[in-house]
Amino acid sequence: MILNRVGTHRLARFLTLTVLCLLFVNVNANDTDVDHGARVYLERCALCHGSKGLGEGPMALLVHDYPNTSLKTTDDPSQSIRDIVKFGTTLSSSNELSPPWRHELEASEIAAVTAFVEALRNDFSRAQQILASVDIPPERIDGRKIYRARCESCHGATGAGDGRMSRIIKNPAPSDLTLSSLPLEEIIAIISSGGKAMGRSERMPPWGQELVYAELISVANYLTTLRIAEAE
Amino acid sequence: MNTALKVLTTFTLWFSVGYVIADQLPNVGQKDKKFSVEKLQVNVGDTVTFTNDDPFFHNVFSLSPAATFDLGSYPQGESRDITFEEAGEVQVECAIHPSMQMTIEVTE
């Protein structure tokens, strides 16, 4: 009788531990999916949806009358996120700008990016923390497109400080980036923290609030290619 | 003789400049995840057609100052057109296949 009771307790303890282990593994698997999905998202989806998922991708910012690409809202709740990622424009409810990714991404990548978009909708703050920690090589991000969408209106197409906003931004005018000789780390700091925090023009926004770190590096790298002195 | 000279001049330009000079409505193919030409020269007001010859979707877009557009995603056999209104260099890409890139030089 006592042995039976001891056996029952051991069995109960064993089952409890097993369930806890399974739950732990499952949570970690989901976290792994979301982390992986954030990386796929930044490489494949941020061009239109933006690096924060708020519809602020270079395509959406630059192309006239582009549809809202924010992922915080759902146009058609009846469609699963996975199906939208997988089938895109071939779904009757999707617009023709949305690519079908089923031929381009592995099934595991589609599952991961789906998990990430779900995380973005269910817990936006957590999704932003994950995006901020994604380790993605800056060369996988096109700094030129970010410059065009975020910087060109002030600094101009060639970086000469003659963008259309330069007509109203004076004293100081937007920097002529072609004459810059600042080291890369300082450029990144200015872009990230903004002009005011770096003792420069208050008109220069702190882009660290809008862009992920790899984007800051890639746009800083692009700025160095605009330098006249280095090109000559 | 005159015709032979024109042909010779055209071929010389093709090979020396490295551009395809459009004398009719240019059609750029999308095959094996590549554009059929790397460079194309057109005039302001010309329309370029992009045709998907691959058995999967392609897209065509540009964020260049001279032409900013997204022609969407479309399957094999379908085409999309874009008319160029401004002179300048236009970098054309596919949003689905980032390695697909070409340049269109739009001249007055």
# chains A, B, ... in the order shown; residues from 1 in each chain; ligands from 1
>>> closest_atom_pairs(of="chain B", to="chain A", cutoff="12 Å", atoms="only C-alpha atoms", output="JSON lines")
{"residue": "B:Lys33", "atom": "CA", "partner": "A:Glu104", "partner_atom": "CA", "distance": 11.3}
{"residue": "B:Asp54", "atom": "CA", "partner": "A:His103", "partner_atom": "CA", "distance": 11.6}
{"residue": "B:Pro55", "atom": "CA", "partner": "A:His103", "partner_atom": "CA", "distance": 9.8}
{"residue": "B:Phe56", "atom": "CA", "partner": "A:His103", "partner_atom": "CA", "distance": 7.0}
{"residue": "B:Phe57", "atom": "CA", "partner": "A:Pro100", "partner_atom": "CA", "distance": 7.2}
{"residue": "B:His58", "atom": "CA", "partner": "A:Pro99", "partner_atom": "CA", "distance": 7.9}
{"residue": "B:Asn59", "atom": "CA", "partner": "A:Pro99", "partner_atom": "CA", "distance": 7.7}
{"residue": "B:Val60", "atom": "CA", "partner": "A:Leu97", "partner_atom": "CA", "distance": 9.9}
{"residue": "B:Phe61", "atom": "CA", "partner": "A:Met59", "partner_atom": "CA", "distance": 8.6}
{"residue": "B:Ser62", "atom": "CA", "partner": "A:Met59", "partner_atom": "CA", "distance": 8.6}
{"residue": "B:Leu63", "atom": "CA", "partner": "A:Leu62", "partner_atom": "CA", "distance": 6.9}
{"residue": "B:Ser64", "atom": "CA", "partner": "A:Arg148", "partner_atom": "CA", "distance": 8.2}
{"residue": "B:Pro65", "atom": "CA", "partner": "A:Ala157", "partner_atom": "CA", "distance": 7.7}
{"residue": "B:Ala66", "atom": "CA", "partner": "A:Ala157", "partner_atom": "CA", "distance": 10.6}
{"residue": "B:Ala67", "atom": "CA", "partner": "A:Val63", "partner_atom": "CA", "distance": 9.3}
{"residue": "B:Thr68", "atom": "CA", "partner": "A:Val63", "partner_atom": "CA", "distance": 5.7}
{"residue": "B:Phe69", "atom": "CA", "partner": "A:Val63", "partner_atom": "CA", "distance": 5.5}
{"residue": "B:Asp70", "atom": "CA", "partner": "A:Val63", "partner_atom": "CA", "distance": 7.0}
{"residue": "B:Leu71", "atom": "CA", "partner": "A:Leu97", "partner_atom": "CA", "distance": 7.4}
{"residue": "B:Gly72", "atom": "CA", "partner": "A:Leu97", "partner_atom": "CA", "distance": 4.0}
{"residue": "B:Ser73", "atom": "CA", "partner": "A:Leu97", "partner_atom": "CA", "distance": 5.4}
{"residue": "B:Tyr74", "atom": "CA", "partner": "A:Glu96", "partner_atom": "CA", "distance": 7.4}
{"residue": "B:Pro75", "atom": "CA", "partner": "A:Thr90", "partner_atom": "CA", "distance": 9.2}
{"residue": "B:Arg80", "atom": "CA", "partner": "A:Glu96", "partner_atom": "CA", "distance": 11.7}
{"residue": "B:Gln91", "atom": "CA", "partner": "A:Lys145", "partner_atom": "CA", "distance": 11.0}
{"residue": "B:Glu93", "atom": "CA", "partner": "A:Lys145", "partner_atom": "CA", "distance": 11.7}
{"residue": "B:Cys94", "atom": "CA", "partner": "A:Pro99", "partner_atom": "CA", "distance": 10.5}
{"residue": "B:Ala95", "atom": "CA", "partner": "A:Leu47", "partner_atom": "CA", "distance": 7.9}
{"residue": "B:Ile96", "atom": "CA", "partner": "A:Pro99", "partner_atom": "CA", "distance": 7.0}
{"residue": "B:His97", "atom": "CA", "partner": "A:Glu104", "partner_atom": "CA", "distance": 8.3}
{"residue": "B:Pro98", "atom": "CA", "partner": "A:Arg44", "partner_atom": "CA", "distance": 8.9}
{"residue": "B:Ser99", "atom": "CA", "partner": "A:Arg140", "partner_atom": "CA", "distance": 11.2}
>>> closest_residue(among="B:Thr107, B:Asn43, B:Ser79, B:Gln30", to="Val92 of chain B", atoms="only C-alpha atoms")
B:Gln30
>>> residues_around(residues="segment 207-212 of chain A", least_positions_apart="2", cutoff="12 Å", atoms="only C-alpha atoms", output="PyMOL selection string")
chain A and resi 38-39+42+46+50-58+128-138+141+143+146-147+149-151+187-195+197+203-205+214-220
>>> decode(residues="segment 53-88 of chain B", atoms="N, CA and C atoms", output="PDB file, in the first residue's frame")
ATOM      1  N   ASP B  53       8.599  35.670 -68.008  1.00  0.00           N
ATOM      2  CA  ASP B  53       8.768  34.417 -68.735  1.00  0.00           C
ATOM      3  C   ASP B  53       9.162  33.262 -67.815  1.00  0.00           C
ATOM      4  N   ASP B  54       9.110  33.493 -66.516  1.00  0.00           N
ATOM      5  CA  ASP B  54       9.448  32.443 -65.541  1.00  0.00           C
ATOM      6  C   ASP B  54       8.168  31.791 -65.007  1.00  0.00           C
ATOM      7  N   PRO B  55       8.259  30.528 -64.584  1.00  0.00           N
ATOM      8  CA  PRO B  55       7.050  29.848 -64.073  1.00  0.00           C
ATOM      9  C   PRO B  55       6.721  30.214 -62.628  1.00  0.00           C
ATOM     10  N   PHE B  56       7.103  31.399 -62.204  1.00  0.00           N
ATOM     11  CA  PHE B  56       6.755  31.879 -60.863  1.00  0.00           C
ATOM     12  C   PHE B  56       6.595  33.393 -60.943  1.00  0.00           C
ATOM     13  N   PHE B  57       6.128  33.991 -59.879  1.00  0.00           N
ATOM     14  CA  PHE B  57       5.820  35.425 -59.901  1.00  0.00           C
ATOM     15  C   PHE B  57       7.080  36.293 -59.959  1.00  0.00           C
ATOM     16  N   HIS B  58       6.924  37.423 -60.633  1.00  0.00           N
ATOM     17  CA  HIS B  58       7.930  38.470 -60.573  1.00  0.00           C
ATOM     18  C   HIS B  58       7.242  39.785 -60.213  1.00  0.00           C
ATOM     19  N   ASN B  59       8.079  40.749 -59.905  1.00  0.00           N
ATOM     20  CA  ASN B  59       7.615  42.100 -59.596  1.00  0.00           C
ATOM     21  C   ASN B  59       8.551  43.063 -60.326  1.00  0.00           C
ATOM     22  N   VAL B  60       8.113  44.267 -60.552  1.00  0.00           N
ATOM     23  CA  VAL B  60       8.992  45.306 -61.108  1.00  0.00           C
ATOM     24  C   VAL B  60       8.751  46.584 -60.322  1.00  0.00           C
ATOM     25  N   PHE B  61       9.844  47.158 -59.827  1.00  0.00           N
ATOM     26  CA  PHE B  61       9.693  48.439 -59.137  1.00  0.00           C
ATOM     27  C   PHE B  61      10.951  49.280 -59.318  1.00  0.00           C
ATOM     28  N   SER B  62      10.824  50.585 -59.046  1.00  0.00           N
ATOM     29  CA  SER B  62      11.980  51.471 -59.005  1.00  0.00           C
ATOM     30  C   SER B  62      11.727  52.559 -57.971  1.00  0.00           C
ATOM     31  N   LEU B  63      12.763  52.875 -57.224  1.00  0.00           N
ATOM     32  CA  LEU B  63      12.684  53.995 -56.278  1.00  0.00           C
ATOM     33  C   LEU B  63      13.625  55.117 -56.694  1.00  0.00           C
ATOM     34  N   SER B  64      13.989  55.135 -57.986  1.00  0.00           N
ATOM     35  CA  SER B  64      14.897  56.186 -58.477  1.00  0.00           C
ATOM     36  C   SER B  64      14.159  57.514 -58.574  1.00  0.00           C
ATOM     37  N   PRO B  65      14.871  58.629 -58.358  1.00  0.00           N
ATOM     38  CA  PRO B  65      14.206  59.937 -58.445  1.00  0.00           C
ATOM     39  C   PRO B  65      13.544  60.184 -59.807  1.00  0.00           C
ATOM     40  N   ALA B  66      14.136  59.668 -60.881  1.00  0.00           N
ATOM     41  CA  ALA B  66      13.578  59.925 -62.222  1.00  0.00           C
ATOM     42  C   ALA B  66      12.286  59.137 -62.480  1.00  0.00           C
ATOM     43  N   ALA B  67      12.076  58.066 -61.755  1.00  0.00           N
ATOM     44  CA  ALA B  67      10.839  57.272 -61.910  1.00  0.00           C
ATOM     45  C   ALA B  67      10.670  56.398 -60.669  1.00  0.00           C
ATOM     46  N   THR B  68       9.587  56.629 -59.960  1.00  0.00           N
ATOM     47  CA  THR B  68       9.307  55.863 -58.742  1.00  0.00           C
ATOM     48  C   THR B  68       7.986  55.131 -58.948  1.00  0.00           C
ATOM     49  N   PHE B  69       8.058  53.805 -58.986  1.00  0.00           N
ATOM     50  CA  PHE B  69       6.829  53.036 -59.274  1.00  0.00           C
ATOM     51  C   PHE B  69       6.947  51.616 -58.740  1.00  0.00           C
ATOM     52  N   ASP B  70       5.799  50.986 -58.572  1.00  0.00           N
ATOM     53  CA  ASP B  70       5.725  49.560 -58.247  1.00  0.00           C
ATOM     54  C   ASP B  70       4.647  48.975 -59.148  1.00  0.00           C
ATOM     55  N   LEU B  71       5.049  48.107 -60.085  1.00  0.00           N
ATOM     56  CA  LEU B  71       4.083  47.552 -61.043  1.00  0.00           C
ATOM     57  C   LEU B  71       3.393  46.301 -60.502  1.00  0.00           C
ATOM     58  N   GLY B  72       3.687  45.929 -59.263  1.00  0.00           N
ATOM     59  CA  GLY B  72       2.987  44.814 -58.638  1.00  0.00           C
ATOM     60  C   GLY B  72       3.628  43.471 -58.940  1.00  0.00           C
ATOM     61  N   SER B  73       2.936  42.404 -58.509  1.00  0.00           N
ATOM     62  CA  SER B  73       3.425  41.029 -58.676  1.00  0.00           C
ATOM     63  C   SER B  73       2.536  40.327 -59.685  1.00  0.00           C
ATOM     64  N   TYR B  74       3.137  39.596 -60.633  1.00  0.00           N
ATOM     65  CA  TYR B  74       2.326  38.979 -61.687  1.00  0.00           C
ATOM     66  C   TYR B  74       2.978  37.668 -62.152  1.00  0.00           C
ATOM     67  N   PRO B  75       2.130  36.736 -62.633  1.00  0.00           N
ATOM     68  CA  PRO B  75       2.622  35.389 -62.955  1.00  0.00           C
ATOM     69  C   PRO B  75       3.164  35.279 -64.381  1.00  0.00           C
ATOM     70  N   GLN B  76       3.613  34.082 -64.710  1.00  0.00           N
ATOM     71  CA  GLN B  76       4.170  33.783 -66.033  1.00  0.00           C
ATOM     72  C   GLN B  76       3.194  34.185 -67.142  1.00  0.00           C
ATOM     73  N   GLY B  77       3.738  34.802 -68.183  1.00  0.00           N
ATOM     74  CA  GLY B  77       2.918  35.156 -69.340  1.00  0.00           C
ATOM     75  C   GLY B  77       2.292  36.528 -69.251  1.00  0.00           C
ATOM     76  N   GLU B  78       2.280  37.113 -68.073  1.00  0.00           N
ATOM     77  CA  GLU B  78       1.673  38.444 -67.939  1.00  0.00           C
ATOM     78  C   GLU B  78       2.730  39.541 -68.057  1.00  0.00           C
ATOM     79  N   SER B  79       2.279  40.735 -68.430  1.00  0.00           N
ATOM     80  CA  SER B  79       3.182  41.869 -68.626  1.00  0.00           C
ATOM     81  C   SER B  79       2.675  43.084 -67.852  1.00  0.00           C
ATOM     82  N   ARG B  80       3.583  44.004 -67.605  1.00  0.00           N
ATOM     83  CA  ARG B  80       3.237  45.303 -67.024  1.00  0.00           C
ATOM     84  C   ARG B  80       4.001  46.389 -67.779  1.00  0.00           C
ATOM     85  N   ASP B  81       3.371  47.550 -67.938  1.00  0.00           N
ATOM     86  CA  ASP B  81       3.969  48.662 -68.681  1.00  0.00           C
ATOM     87  C   ASP B  81       4.282  49.831 -67.753  1.00  0.00           C
ATOM     88  N   ILE B  82       5.284  50.589 -68.134  1.00  0.00           N
ATOM     89  CA  ILE B  82       5.556  51.852 -67.435  1.00  0.00           C
ATOM     90  C   ILE B  82       6.032  52.876 -68.465  1.00  0.00           C
ATOM     91  N   THR B  83       5.463  54.073 -68.392  1.00  0.00           N
ATOM     92  CA  THR B  83       5.875  55.161 -69.285  1.00  0.00           C
ATOM     93  C   THR B  83       6.772  56.124 -68.510  1.00  0.00           C
ATOM     94  N   PHE B  84       7.905  56.463 -69.106  1.00  0.00           N
ATOM     95  CA  PHE B  84       8.874  57.313 -68.421  1.00  0.00           C
ATOM     96  C   PHE B  84       8.646  58.778 -68.778  1.00  0.00           C
ATOM     97  N   GLU B  85       8.415  59.583 -67.759  1.00  0.00           N
ATOM     98  CA  GLU B  85       8.043  60.986 -67.951  1.00  0.00           C
ATOM     99  C   GLU B  85       9.220  61.942 -67.743  1.00  0.00           C
ATOM    100  N   GLU B  86      10.277  61.463 -67.091  1.00  0.00           N
ATOM    101  CA  GLU B  86      11.417  62.339 -66.775  1.00  0.00           C
ATOM    102  C   GLU B  86      12.711  61.712 -67.252  1.00  0.00           C
ATOM    103  N   ALA B  87      13.659  62.577 -67.633  1.00  0.00           N
ATOM    104  CA  ALA B  87      14.985  62.075 -68.024  1.00  0.00           C
ATOM    105  C   ALA B  87      15.781  61.711 -66.775  1.00  0.00           C
ATOM    106  N   GLY B  88      16.666  60.734 -66.925  1.00  0.00           N
ATOM    107  CA  GLY B  88      17.526  60.324 -65.803  1.00  0.00           C
ATOM    108  C   GLY B  88      17.765  58.836 -65.804  1.00  0.00           C
TER     109      GLY B  88
END
